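Trainee: Just model-v2.cif, nothing more (mmCIF, C-alpha atoms):
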data_target
loop_
_atom_site.label_atom_id
_atom_site.label_comp_id
_atom_site.auth_asym_id
_atom_site.auth_seq_id
_atom_site.Cartn_x
_atom_site.Cartn_y
_atom_site.Cartn_z
CA MET Q 28 -62.15 -40.91 -43.04
CA PRO Q 29 -58.43 -40.38 -42.51
CA PRO Q 30 -56.21 -43.28 -41.37
CA ARG Q 31 -56.21 -43.89 -37.61
CA ASP Q 32 -52.69 -42.53 -37.29
CA VAL Q 33 -53.63 -39.21 -38.96
CA VAL Q 34 -55.54 -36.56 -37.04
CA GLU Q 35 -58.34 -35.08 -39.12
CA ARG Q 36 -58.00 -31.45 -40.20
CA VAL Q 37 -61.29 -29.56 -40.13
CA SER Q 38 -62.46 -25.99 -40.50
CA PHE Q 39 -63.41 -24.05 -37.39
CA ALA Q 40 -67.05 -24.07 -38.51
CA GLU Q 41 -67.02 -27.85 -38.81
CA PHE Q 42 -65.40 -28.21 -35.41
CA LEU Q 43 -68.11 -26.05 -33.81
CA GLU Q 44 -70.81 -28.10 -35.52
CA ARG Q 45 -69.36 -31.37 -34.25
CA PHE Q 46 -68.33 -30.19 -30.79
CA VAL Q 47 -70.74 -31.43 -28.10
CA TRP Q 48 -70.25 -30.04 -24.60
CA GLN Q 49 -72.60 -31.19 -21.88
CA GLN Q 50 -73.10 -29.28 -18.65
CA GLY Q 51 -70.82 -30.86 -16.07
CA GLU Q 52 -68.04 -31.66 -18.55
CA HIS Q 53 -64.74 -29.85 -18.01
CA ILE Q 54 -62.55 -28.12 -20.59
CA THR Q 55 -58.79 -27.59 -20.31
CA ALA Q 56 -56.78 -25.52 -22.78
CA VAL Q 57 -52.97 -25.54 -22.91
CA GLY Q 58 -51.08 -22.95 -24.91
CA PRO Q 59 -48.60 -20.10 -24.62
CA THR Q 60 -49.61 -16.46 -24.29
CA GLY Q 61 -50.82 -15.18 -27.65
CA SER Q 62 -51.72 -18.61 -29.02
CA GLY Q 63 -55.45 -17.90 -29.04
CA LYS Q 64 -56.53 -20.26 -26.24
CA THR Q 65 -58.38 -17.58 -24.28
CA THR Q 66 -60.23 -16.36 -27.38
CA LEU Q 67 -61.34 -19.90 -28.18
CA MET Q 68 -62.58 -20.59 -24.67
CA VAL Q 69 -64.56 -17.34 -24.62
CA GLN Q 70 -66.29 -18.38 -27.84
CA LEU Q 71 -67.35 -21.66 -26.26
CA LEU Q 72 -68.86 -19.97 -23.20
CA HIS Q 73 -71.85 -18.89 -25.31
CA ARG Q 74 -73.14 -22.44 -24.95
CA ARG Q 75 -73.63 -22.14 -21.20
CA GLN Q 76 -76.35 -20.18 -19.35
CA PHE Q 77 -74.76 -19.61 -15.95
CA VAL Q 78 -71.16 -18.44 -16.25
CA THR Q 79 -68.68 -16.92 -13.83
CA ALA Q 80 -65.36 -15.71 -15.22
CA LEU Q 81 -62.64 -15.28 -12.60
CA GLY Q 82 -60.51 -12.14 -12.88
CA THR Q 83 -57.04 -12.39 -11.34
CA LYS Q 84 -54.99 -9.71 -13.14
CA PRO Q 85 -54.85 -5.96 -12.56
CA ALA Q 86 -55.85 -5.54 -16.23
CA ASP Q 87 -57.30 -8.08 -18.65
CA ASN Q 88 -58.53 -7.31 -22.17
CA THR Q 89 -60.42 -10.58 -22.43
CA LEU Q 90 -62.49 -9.87 -19.35
CA MET Q 91 -63.15 -6.32 -20.52
CA LYS Q 92 -64.51 -7.79 -23.74
CA LEU Q 93 -66.80 -10.08 -21.77
CA ILE Q 94 -68.07 -7.08 -19.81
CA ARG Q 95 -68.44 -4.56 -22.63
CA LYS Q 96 -69.37 -6.71 -25.64
CA GLU Q 97 -70.77 -9.91 -24.17
CA LYS Q 98 -72.75 -8.15 -21.42
CA HIS Q 99 -71.29 -10.03 -18.47
CA LYS Q 100 -71.90 -8.12 -15.25
CA LEU Q 101 -68.80 -6.99 -13.39
CA ILE Q 102 -68.82 -7.77 -9.67
CA ARG Q 103 -66.03 -7.16 -7.16
CA ALA Q 104 -67.32 -9.54 -4.48
CA TRP Q 105 -69.47 -12.65 -4.30
CA PRO Q 106 -72.42 -13.19 -4.51
CA PRO Q 107 -73.80 -11.47 -7.62
CA PRO Q 108 -77.06 -9.54 -7.27
CA PRO Q 109 -80.11 -11.84 -7.49
CA ILE Q 110 -82.20 -11.84 -10.66
CA ALA Q 111 -85.90 -12.75 -10.30
CA GLY Q 112 -86.94 -15.62 -12.54
CA ARG Q 113 -83.48 -15.83 -14.04
CA ARG Q 114 -82.88 -18.21 -16.90
CA GLU Q 115 -79.26 -17.25 -17.25
CA GLN Q 116 -76.62 -15.24 -15.42
CA ARG Q 117 -73.18 -14.24 -16.69
CA VAL Q 118 -70.77 -12.44 -14.40
CA VAL Q 119 -67.11 -11.52 -14.14
CA LEU Q 120 -65.89 -11.83 -10.57
CA TRP Q 121 -62.94 -9.46 -10.55
CA PRO Q 122 -61.80 -8.38 -7.07
CA ALA Q 123 -59.82 -5.14 -7.15
CA PHE Q 124 -56.09 -5.79 -7.63
CA ARG Q 125 -54.07 -2.58 -7.43
CA LYS Q 126 -51.30 -3.68 -5.06
CA PRO Q 127 -49.85 -7.01 -3.86
CA GLU Q 128 -51.74 -6.77 -0.58
CA ASP Q 129 -54.99 -7.07 -2.52
CA MET Q 130 -54.24 -10.76 -3.15
CA ALA Q 131 -55.64 -11.58 0.30
CA ASN Q 132 -59.11 -10.25 -0.60
CA GLN Q 133 -58.81 -11.83 -4.04
CA GLN Q 134 -58.28 -15.22 -2.43
CA ILE Q 135 -61.20 -14.72 -0.05
CA GLN Q 136 -63.68 -13.68 -2.77
CA ILE Q 137 -62.77 -16.40 -5.26
CA ASP Q 138 -62.71 -19.07 -2.56
CA ARG Q 139 -66.19 -17.98 -1.42
CA ALA Q 140 -67.52 -17.97 -4.97
CA LEU Q 141 -66.18 -21.42 -5.78
CA ARG Q 142 -67.65 -22.88 -2.59
CA GLU Q 143 -71.08 -21.32 -3.07
CA MET Q 144 -71.27 -22.26 -6.76
CA PHE Q 145 -70.38 -25.82 -5.80
CA THR Q 146 -73.28 -25.83 -3.33
CA GLN Q 147 -75.69 -24.47 -5.94
CA GLY Q 148 -74.50 -26.59 -8.87
CA GLY Q 149 -75.15 -25.84 -12.53
CA TRP Q 150 -72.48 -23.17 -12.97
CA THR Q 151 -69.70 -22.94 -15.54
CA VAL Q 152 -66.51 -21.38 -14.16
CA PHE Q 153 -64.02 -19.81 -16.56
CA ALA Q 154 -60.55 -19.79 -15.00
CA ASP Q 155 -57.99 -18.61 -17.53
CA GLU Q 156 -55.10 -18.62 -15.03
CA LEU Q 157 -55.04 -22.05 -13.39
CA TYR Q 158 -51.41 -21.68 -12.33
CA TYR Q 159 -52.13 -18.45 -10.46
CA LEU Q 160 -55.24 -19.86 -8.79
CA CYS Q 161 -53.47 -23.03 -7.70
CA HIS Q 162 -50.07 -21.72 -6.65
CA MET Q 163 -50.54 -18.06 -5.76
CA LEU Q 164 -54.04 -18.17 -4.26
CA ARG Q 165 -53.63 -21.74 -2.94
CA LEU Q 166 -56.95 -22.99 -4.31
CA THR Q 167 -55.67 -26.32 -5.64
CA LYS Q 168 -57.78 -28.54 -3.36
CA LEU Q 169 -60.95 -26.62 -4.14
CA LEU Q 170 -60.35 -26.80 -7.88
CA GLU Q 171 -59.58 -30.51 -7.60
CA THR Q 172 -62.99 -30.93 -5.97
CA TYR Q 173 -64.54 -29.29 -9.04
CA TRP Q 174 -62.64 -31.60 -11.40
CA THR Q 175 -63.42 -34.80 -9.51
CA GLN Q 176 -66.95 -34.13 -8.19
CA GLY Q 177 -68.37 -31.37 -10.38
CA ARG Q 178 -69.89 -33.50 -13.09
CA SER Q 179 -72.47 -35.07 -10.76
CA ILE Q 180 -73.88 -31.62 -9.87
CA GLY Q 181 -73.59 -29.99 -13.30
CA LEU Q 182 -70.47 -27.92 -12.64
CA SER Q 183 -68.15 -27.25 -15.56
CA LEU Q 184 -64.66 -25.86 -15.12
CA VAL Q 185 -63.13 -24.19 -18.18
CA GLY Q 186 -59.47 -23.76 -17.37
CA GLY Q 187 -56.43 -22.45 -19.19
CA THR Q 188 -52.71 -22.76 -18.56
CA GLN Q 189 -49.49 -22.05 -20.40
CA ARG Q 190 -47.67 -25.14 -19.13
CA PRO Q 191 -49.42 -28.48 -18.44
CA ALA Q 192 -46.72 -29.54 -16.00
CA HIS Q 193 -47.52 -26.57 -13.74
CA VAL Q 194 -51.12 -27.48 -12.84
CA PRO Q 195 -52.71 -30.55 -11.20
CA LEU Q 196 -52.97 -33.77 -13.16
CA PHE Q 197 -56.75 -33.65 -12.57
CA ALA Q 198 -56.90 -30.79 -15.08
CA TYR Q 199 -56.21 -33.42 -17.77
CA SER Q 200 -57.39 -36.71 -16.31
CA GLN Q 201 -60.81 -35.31 -15.36
CA CYS Q 202 -61.50 -33.04 -18.33
CA THR Q 203 -63.62 -34.30 -21.20
CA HIS Q 204 -62.39 -31.73 -23.72
CA LEU Q 205 -58.70 -30.90 -24.08
CA PHE Q 206 -57.24 -28.27 -26.42
CA ALA Q 207 -53.49 -28.12 -26.97
CA TRP Q 208 -51.32 -25.76 -29.00
CA LYS Q 209 -47.83 -26.42 -30.36
CA SER Q 210 -45.13 -27.48 -27.89
CA ASN Q 211 -41.78 -29.23 -28.06
CA ASP Q 212 -41.19 -29.46 -24.32
CA GLU Q 213 -40.76 -33.13 -23.36
CA ARG Q 214 -42.28 -32.78 -19.90
CA ASP Q 215 -45.35 -31.01 -21.23
CA LEU Q 216 -45.77 -33.58 -24.00
CA ARG Q 217 -45.57 -36.45 -21.54
CA ARG Q 218 -48.26 -34.89 -19.35
CA ILE Q 219 -50.68 -34.39 -22.26
CA GLY Q 220 -49.79 -37.71 -23.89
CA GLY Q 221 -50.46 -39.63 -20.68
CA LEU Q 222 -54.25 -39.62 -21.14
CA GLY Q 223 -55.63 -43.10 -20.81
CA GLY Q 224 -56.95 -44.87 -23.90
CA ILE Q 225 -55.33 -42.44 -26.34
CA SER Q 226 -52.13 -42.99 -28.30
CA ALA Q 227 -49.49 -40.95 -26.51
CA LYS Q 228 -47.20 -41.09 -29.53
CA GLN Q 229 -49.92 -39.80 -31.86
CA VAL Q 230 -50.86 -36.98 -29.51
CA GLN Q 231 -47.25 -35.91 -28.97
CA GLU Q 232 -46.33 -36.03 -32.65
CA THR Q 233 -49.43 -34.07 -33.62
CA ILE Q 234 -48.78 -31.36 -31.03
CA MET Q 235 -45.19 -30.98 -32.23
CA SER Q 236 -46.39 -30.67 -35.84
CA LEU Q 237 -49.03 -28.00 -35.24
CA ALA Q 238 -48.66 -24.70 -37.07
CA LYS Q 239 -48.72 -21.38 -35.25
CA HIS Q 240 -52.22 -20.75 -33.82
CA GLU Q 241 -53.39 -24.23 -34.87
CA VAL Q 242 -54.92 -26.33 -32.10
CA LEU Q 243 -55.40 -30.03 -31.42
CA TYR Q 244 -58.75 -31.00 -29.89
CA ILE Q 245 -59.00 -34.25 -27.92
CA ASN Q 246 -62.14 -35.78 -26.50
CA THR Q 247 -60.58 -37.71 -23.63
CA ARG Q 248 -63.61 -39.97 -23.23
CA ASP Q 249 -64.04 -41.34 -26.75
CA GLY Q 250 -60.60 -40.55 -28.25
CA GLU Q 251 -61.91 -38.28 -31.02
CA MET Q 252 -59.27 -35.81 -32.24
CA MET Q 253 -59.40 -32.89 -34.65
CA ARG Q 254 -56.97 -30.14 -35.57
CA PHE Q 255 -58.09 -26.71 -36.75
CA PHE Q 256 -57.40 -23.00 -36.76
CA PRO Q 257 -59.81 -21.18 -34.40
CA GLY Q 258 -61.71 -18.48 -36.23
CA ARG Q 259 -61.02 -19.78 -39.74
CA GLY Q 260 -63.80 -21.14 -41.88
#
Please lay out the structure from this file as structure tokens.

Mentor:
Amino acid sequence: MPPRDVVERVSFAEFLERFVWQQGEHITAVGPTGSGKTTLMVQLLHRRQFVTALGTKPADNTLMKLIRKEKHKLIRAWPPPPIAGRREQRVVLWPAFRKPEDMANQQIQIDRALREMFTQGGWTVFADELYYLCHMLRLTKLLETYWTQGRSIGLSLVGGTQRPAHVPLFAYSQCTHLFAWKSNDERDLRRIGGLGGISAKQVQETIMSLAKHEVLYINTRDGEMMRFFPGRG
């Protein structure tokens, strides 16, 4: 085992073997555009049976991959069509977004979906654009309800953001699994390093030392940390 002040480097295959994600546990990923955070989160979604990915952009290659290759059903409004005897359901909720005025319907559909999934329980929600959902669609309070109350009813929120300082603190304090890519921004480092029970200095120094596309994984409950390159090994 490496010294306590050294974060273990592992292959991606070893990380996947050791990574345990229970239904009801939240995931937050922090990294700039092009870092690979969205690709990693999509790979983890295979572990869940009931998944809703939220589409918020006019065009999104990741969501198109989920629809075309991963067989997620595209829906423009909630709810999805019922499936008799379903053991799993994977959908992409992607309200049409062709002009700015469409944001009103976007807000209505995603708000409705989040509320109904909360009532049902057991869903995993993939929200790659937390900043947009919180600040543009004004869904902060609803997402905070997921982070603080979702575990008890088996709701998992898988969220991504470019800047940790731009989304609610609950995205970090209430997630079990945190993934962070390289950053040298002091405000961002303070937000990530402020997790209770984990050495802020170690977390901050590790994040600053990451190579391009390398990621730091933190289990915020037991303090386990690993660094790896998604997709390698």

Trainee: State, in Å with one decimal place, the distance from CA of Gly181 in chain Q to CA of Pro108 in chain Q.

Mentor: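 CA of Gly181 in chain Q sits 21.6 Å away from CA of Pro108 in chain Q.
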
Trainee: Counting all atoms listed in the file, figure out which residue out of Q:Leu216, Q:Ala80, Q:Val119, Q:Cys161 gets nearest to Met235 in chain Q.

Mentor: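 Going through Q:Leu216, Q:Ala80, Q:Val119, Q:Cys161 one by one, the smallest distance to Met235 in chain Q is for Q:Leu216.
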
Trainee: Rank nothing, just name the residue among Q:Asn132, Q:Thr233, Q:Thr167, Q:Ser200 nearest to Ile54 in chain Q, using all atoms listed in the file.

Mentor: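 Selected residue with least distance to Ile54 in chain Q: Q:Ser200.
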
Trainee: Taking all atoms of range 89-99 of chain Q that appear in the file, build a box with edges along x, y and z, extend it by 5 Å on every side, and state its centre and edge lengths in Å to one decimal, as lines of an AutoDock Vina configuration file.

Mentor:
center_x = -66.6
center_y = -7.6
center_z = -22.1
size_x = 22.3
size_y = 16.0
size_z = 17.2

Trainee: Identify which of the residues Q:Leu72, Q:Ile219, Q:Ala154, Q:Ala111 lies closest to Lys84 in chain Q, counting only C-alpha atoms when measuring atom-to-atom distances.

Mentor: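 Looking only at the distances to Lys84 in chain Q, the closest residue turns out to be Q:Ala154.
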
Trainee: Pick the closest to Val57 in chain Q from Q:Gly187, Q:Gly258, Q:Pro106, Q:Gly221: which is it, counting all atoms listed in the file?

Mentor: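 For Val57 in chain Q, the nearest of the candidates is Q:Gly187.
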
Trainee: Give me the residues near Gly250 in chain Q as a short mmCIF file (atom, residue, chain, number, x, y, z; two decimals) with C-alpha atoms, in the frame of the given file, where near means some atom within 8 Å (using all atoms listed in the file) and where sequence neighbours in that chain fewer than 3 positions away do not count.

Mentor:
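Final output, saved to around26.cif:
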data_model
loop_
_atom_site.label_atom_id
_atom_site.label_comp_id
_atom_site.auth_asym_id
_atom_site.auth_seq_id
_atom_site.Cartn_x
_atom_site.Cartn_y
_atom_site.Cartn_z
CA GLY Q 224 -56.95 -44.87 -23.90
CA ILE Q 225 -55.33 -42.44 -26.34
CA ILE Q 245 -59.00 -34.25 -27.92
CA ASN Q 246 -62.14 -35.78 -26.50
CA THR Q 247 -60.58 -37.71 -23.63
#

Trainee: Work out how far apart CA of Gln231 in chain Q and CA of Tyr158 in chain Q are and give it in Å to one decimal.

Mentor: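 Result for CA of Gln231 in chain Q versus CA of Tyr158 in chain Q: 22.3 Å, one decimal.
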
Trainee: Run the PyMOL selection byres ((chain Q and resi 146) around 12) against the file shown and list the residues it catches, as a PDB file with C-alpha atoms, keeping the file's coordinate frame.

Mentor:
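Final file, out02.pdb:
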ATOM      1  CA  ARG Q 139     -66.190 -17.980  -1.420  1.00  0.00           C
ATOM      2  CA  ALA Q 140     -67.520 -17.970  -4.970  1.00  0.00           C
ATOM      3  CA  LEU Q 141     -66.180 -21.420  -5.780  1.00  0.00           C
ATOM      4  CA  ARG Q 142     -67.650 -22.880  -2.590  1.00  0.00           C
ATOM      5  CA  GLU Q 143     -71.080 -21.320  -3.070  1.00  0.00           C
ATOM      6  CA  MET Q 144     -71.270 -22.260  -6.760  1.00  0.00           C
ATOM      7  CA  PHE Q 145     -70.380 -25.820  -5.800  1.00  0.00           C
ATOM      8  CA  GLN Q 147     -75.690 -24.470  -5.940  1.00  0.00           C
ATOM      9  CA  GLY Q 148     -74.500 -26.590  -8.870  1.00  0.00           C
ATOM     10  CA  GLY Q 149     -75.150 -25.840 -12.530  1.00  0.00           C
ATOM     11  CA  TRP Q 150     -72.480 -23.170 -12.970  1.00  0.00           C
ATOM     12  CA  THR Q 172     -62.990 -30.930  -5.970  1.00  0.00           C
ATOM     13  CA  TYR Q 173     -64.540 -29.290  -9.040  1.00  0.00           C
ATOM     14  CA  GLN Q 176     -66.950 -34.130  -8.190  1.00  0.00           C
ATOM     15  CA  GLY Q 177     -68.370 -31.370 -10.380  1.00  0.00           C
ATOM     16  CA  SER Q 179     -72.470 -35.070 -10.760  1.00  0.00           C
ATOM     17  CA  ILE Q 180     -73.880 -31.620  -9.870  1.00  0.00           C
ATOM     18  CA  GLY Q 181     -73.590 -29.990 -13.300  1.00  0.00           C
ATOM     19  CA  LEU Q 182     -70.470 -27.920 -12.640  1.00  0.00           C
TER      20      LEU Q 182
END

Trainee: For the file shown, what are the residues hit by the PyMOL selection byres ((chain Q and resi 55) around 8), laid out as a ChimeraX atom specification?

Mentor: /Q:53-54,56-57,185-188,198-199,202,204-206

Trainee: To one decimal place, how far is CA of His73 in chain Q from CA of Thr203 in chain Q in Å?

Mentor: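 Straight-line distance from CA of His73 in chain Q to CA of Thr203 in chain Q works out to 17.9 Å.
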
Trainee: Give the answer as one residue: which of Q:Leu237, Q:Ala131, Q:Leu166, Q:Val78 has the shortest atom-to-atom distance to Arg114 in chain Q, using all atoms listed in the file?

Mentor: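 Of Q:Leu237, Q:Ala131, Q:Leu166, Q:Val78, the one nearest Arg114 in chain Q is Q:Val78, counting all atoms listed in the file.
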
Trainee: Closest to Arg125 in chain Q among Q:Ala86, Q:Val37, Q:Met68, Q:Asp215, using all atoms listed in the file?

Mentor: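 Answer, going by the shortest atom-to-atom distance: Q:Ala86.
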